[in-house]
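Contents: one structure, followed by commentary.
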Amino acid sequence: MAGSGPGKALPVRRRRRHSQWRGLLYIAPAMALVIVFFVMPVLFTGWMSLHNWPLLGSPRWIGFNNYFRMANDARFASALRFTTYYTVIVTIAIFAVAFPLAIFVEKHRRFVGAYRTIIFLPVVVGLASASLLWVWLANVDSGFIGPALRALGLVEKSPNLLATFDSAFFTIIVMVVWKIAGFTMIILLTGLQAIPSELTEAARIDGAGPWQRFRYLTLPLMRRTIALALIISVTGSILAFDQFYIMTSGGPQNRMISVVYYIFNQSFVSFNLGYGAALSIALLAILVVISVMQLRLLRVGEDRP
Amino acid sequence: MILSKMNASMSLSRRRRERKAFRAESAYHATGLAIALFFLAPFAITLLASFRHGTEARLPPLPPWPVNGISLDSYRSLDTFGAGVWQHTFNSLLVSLATVALTVAVSVLAGYGFSRYRFPLKNVLFVLIIATLMIPFQSILTPLFIILARLGLNNSLFGLTLVYVTLQLPFSVFMMRNAFDAVPKEIEEAARIDGARDLKLLFRVLMPLVLPGIATVAIFAFLNAWNEFLAALVLLSSNEKYTLPVLMMAVRAGRLGAVNWGAVQAGVAVMTLPCLVVFLLLQRYYMRGLMAGAVK
């Protein structure tokens, strides 16, 4: 066994080359799916965006006209504005709720596991189910929120929450916070728990108050976790669709059309598939830029923990 | 004398401290209960309200529980939409379970390949699979629609399943490669000496060892496929093929301008309960996946 002479080298090498192909065989199904249902569609989106592509009939090459059209499309601009507005507000709202929750469930007390589980429950149901649930809760006559406020005597008449932009927007923000805060809480919790307790103890002994400990110890040490939670929240919000489609059908005066909603409308309602593809490329570019920023941000976090 | 006095004052201060701790504890749990109520109430209200009589379905759920006895009216009226709630639940289950089975099969094979074999372009291909995470599938729906049509898979639950499996792959392949990486090579070598090779080695010896990883992959595949809305909305075009979330759009739209809220409540209950049950039963594996994804 120990004496591996020159005569034995050949079969070993052959077996290794053999096993090289075997490795490719194992990953072949995954690669086939990724190529057919991801790489090809991405390339195809680029190709389609250079055409006038109706649902029926033959596509016509129009060069960059779809992109010129996009630059002058006021409705796309307003979709972009609305999506940005939504992303900023919802991210702030999620963090404002999730951070205190994370601190609340970090302590080792009785029932803390139950609190964590309950807060996390809405995360595992679908956004479509959550939207449906809340559209009922927010209904003016048959729902829960308005009638309950009236029954408590807080308002005279049950408010129609989904009728005006501001109240509908607020309702959607509350729904999304209810649905997502548990997720962000768990991410932030992992960051909190990674802070060595000796450090907080030392700061406490040195006379740092709770706010000082949070501001000068917890926050800087959690930079990486916060960046991660932030990026997940931002990318998720930019892709928002279900809540606007289900809860307000685009909102009062079509003011709640997000970017994905606009792409959906162009591609599958108006059947401007080529223009929809060009819009998709724009969305894709925005997301890739954010992903690259994410990687850099996270690396910054690693350099200065 | 002095000693007993000291004892008394000590016990007094201890009692005071205990009382203070008790008060802090009570405040903590009062807050906890209020928070729990906010996160649980929407589920509880919907579930309870869905068992009210059909005549009450239009009324606000005050109180939320059925006052005039339990009834399945809401579920019956949900059944009058589309091809019936059983058919659509069956569609959703079929797509979700097929997604679980295919995702597990494909990602176990790929994870094993990436973990144990060396082959040309290995790292490039791995990064390619993970990189698809950066691209939102919402932006490639149009070509997916066309490619599926060319493959004869438009308006097909199988086509939708293949799309869902692909969406699960970056996370699943990553999870399974890590799971296989964590298995000591010695176990494999021992099994090899005993004559187990390749697929036999994979299924007989390694599978039981990566079972927790498989559970994680399976839960995420199930929940994501069960809950997905936009792709199903775009890729399914005939009524009887709809999954539950797409069916619910018809319920949400209502008939003759009137929405049957009882059917909405029943539909929400049917869509959310499986997720909650799966999560509560397999919480440990779900959280592992979340951490792996978060720490990544």
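Each chain of the structure tokens is named A, B, ... in the order shown, its residues numbered from 1; ligands are numbered from 1 in display order.
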Spatial neighbours of Ser107 in chain B, max dist 7 Å, only C-alpha atoms, sep filter under 2 positions, as number ranges by chain: A: 30; B: 103-105, 109-111, 169, 172-173, 176
Run DSSP on the backbone and tell me which residues of range 38-144 of chain A come out as strand (DSSP E); list them as an mmCIF file with N, CA and C atoms, in the first residue's frame.
data_model
loop_
_atom_site.group_PDB
_atom_site.id
_atom_site.type_symbol
_atom_site.label_atom_id
_atom_site.label_comp_id
_atom_site.auth_asym_id
_atom_site.auth_seq_id
_atom_site.Cartn_x
_atom_site.Cartn_y
_atom_site.Cartn_z
ATOM 1 N N HIS A 51 -36.774 45.975 -28.498
ATOM 2 C CA HIS A 51 -37.803 45.701 -29.493
ATOM 3 C C HIS A 51 -39.135 46.315 -29.095
ATOM 4 N N ASN A 52 -39.960 46.521 -30.113
ATOM 5 C CA ASN A 52 -41.370 46.727 -29.847
ATOM 6 C C ASN A 52 -41.974 45.324 -29.865
ATOM 7 N N ARG A 60 -40.532 43.931 -33.340
ATOM 8 C CA ARG A 60 -39.844 44.791 -34.289
ATOM 9 C C ARG A 60 -38.691 45.486 -33.574
ATOM 10 N N TRP A 61 -37.511 45.441 -34.199
ATOM 11 C CA TRP A 61 -36.311 46.058 -33.624
ATOM 12 C C TRP A 61 -36.468 47.578 -33.607
#
Residues of chain A within 6 Å of chain B, only C-alpha atoms counted, as a list in words: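 Applying the cut-off to the listed atoms yields Gln20, Gly23, Tyr26, Ile27, Ala30, Leu33, Val34, Pro41, Ile119, Val125, Gly126, Ser129, Ser142, Gly143, Phe144 and Ser280 of chain A.
One finds CA of Phe222 in chain B at 13.2 Å from CA of Asn91 in chain B.
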For Leu101 in chain A, the nearest of the candidates A:Val135, A:Leu189, A:Ile145, A:Ala71, counting only C-alpha atoms: A:Leu189
One-decimal distance in Å that lies between CA of Tyr262 in chain A and CA of Phe76 in chain A: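 Interatomic distance, CA of Phe76 in chain A to CA of Tyr262 in chain A: 7.1 Å.
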Surrounding residues of range 155-161 of chain A excluding itself and chain neighbours under 6 positions, 6 Å, only C-alpha atoms, as a ChimeraX atom specification: /A:140,146-147,167-168
Polymer residues at most 12 Å from Leu188 in chain A, only C-alpha atoms, same-chain spacing of 3 or more positions, as a count of residues only: 38
Residue contacts of Val205 in chain B (12 Å, only C-alpha atoms) excluding same-chain residues fewer than 5 positions away, as a PyMOL selection string: chain B and resi 180+183-192+194-200+210-211
Any chance you could export the current selection's C-alpha atoms as an mmCIF file, in the first residue's frame?
data_model
loop_
_atom_site.group_PDB
_atom_site.id
_atom_site.type_symbol
_atom_site.label_atom_id
_atom_site.label_comp_id
_atom_site.auth_asym_id
_atom_site.auth_seq_id
_atom_site.Cartn_x
_atom_site.Cartn_y
_atom_site.Cartn_z
ATOM 1 C CA PHE B 180 -21.860 18.576 3.365
ATOM 2 C CA VAL B 183 -19.536 16.238 7.518
ATOM 3 C CA PRO B 184 -16.064 14.916 8.396
ATOM 4 C CA LYS B 185 -14.253 13.373 5.454
ATOM 5 C CA GLU B 186 -13.289 10.361 7.596
ATOM 6 C CA ILE B 187 -16.874 9.098 7.648
ATOM 7 C CA GLU B 188 -16.919 9.107 3.892
ATOM 8 C CA GLU B 189 -13.569 7.353 3.635
ATOM 9 C CA ALA B 190 -14.709 4.657 6.042
ATOM 10 C CA ALA B 191 -17.827 4.122 3.966
ATOM 11 C CA ARG B 192 -15.765 4.037 0.782
ATOM 12 C CA ASP B 194 -16.776 -0.603 2.993
ATOM 13 C CA GLY B 195 -17.603 -0.388 -0.690
ATOM 14 C CA ALA B 196 -20.171 2.433 -0.789
ATOM 15 C CA ARG B 197 -19.642 4.761 -3.730
ATOM 16 C CA ASP B 198 -21.193 7.809 -5.334
ATOM 17 C CA LEU B 199 -24.987 7.810 -5.181
ATOM 18 C CA LYS B 200 -25.092 4.877 -2.792
ATOM 19 C CA VAL B 210 -27.255 16.348 6.435
ATOM 20 C CA LEU B 211 -30.898 15.842 7.359
#
Separation of CA of Leu236 in chain B from CA of Asp79 in chain B, in Å and rounded to one decimal: 19.7 Å
Spatial neighbours of Thr80 in chain B, max dist 12 Å, only C-alpha atoms, sep filter under 4 positions, as a PyMOL selection string: chain B and resi 73-76+84-88+247-248+250-251+254-255+260+263+267
May I have the residues from that selection written out with C-alpha atoms, as a short mmCIF file (atom, residue, chain, number, x, y, z; two decimals), in the first residue's frame?
data_model
loop_
_atom_site.label_atom_id
_atom_site.label_comp_id
_atom_site.auth_asym_id
_atom_site.auth_seq_id
_atom_site.Cartn_x
_atom_site.Cartn_y
_atom_site.Cartn_z
CA ASP B 73 -70.87 29.41 6.06
CA SER B 74 -67.79 31.49 5.23
CA TYR B 75 -65.92 28.41 4.04
CA ARG B 76 -68.94 27.34 2.02
CA GLY B 84 -63.86 25.43 -5.47
CA VAL B 85 -61.56 25.82 -2.53
CA TRP B 86 -60.51 22.15 -2.52
CA GLN B 87 -59.25 22.38 -6.09
CA HIS B 88 -57.21 25.52 -5.37
CA LEU B 247 -57.96 32.67 -6.35
CA MET B 248 -58.25 35.17 -3.52
CA ALA B 250 -61.39 36.93 -7.41
CA VAL B 251 -62.75 36.85 -3.87
CA GLY B 254 -66.17 40.57 -5.19
CA ARG B 255 -69.32 40.01 -7.18
CA ASN B 260 -68.04 38.63 0.53
CA ALA B 263 -65.05 34.29 2.14
CA GLY B 267 -59.48 32.31 2.57
#
Per-residue DSSP, range 242-279 of chain B, filtered to helix (DSSP H, G or I), as a PyMOL selection string: chain B and resi 244-253+261-279
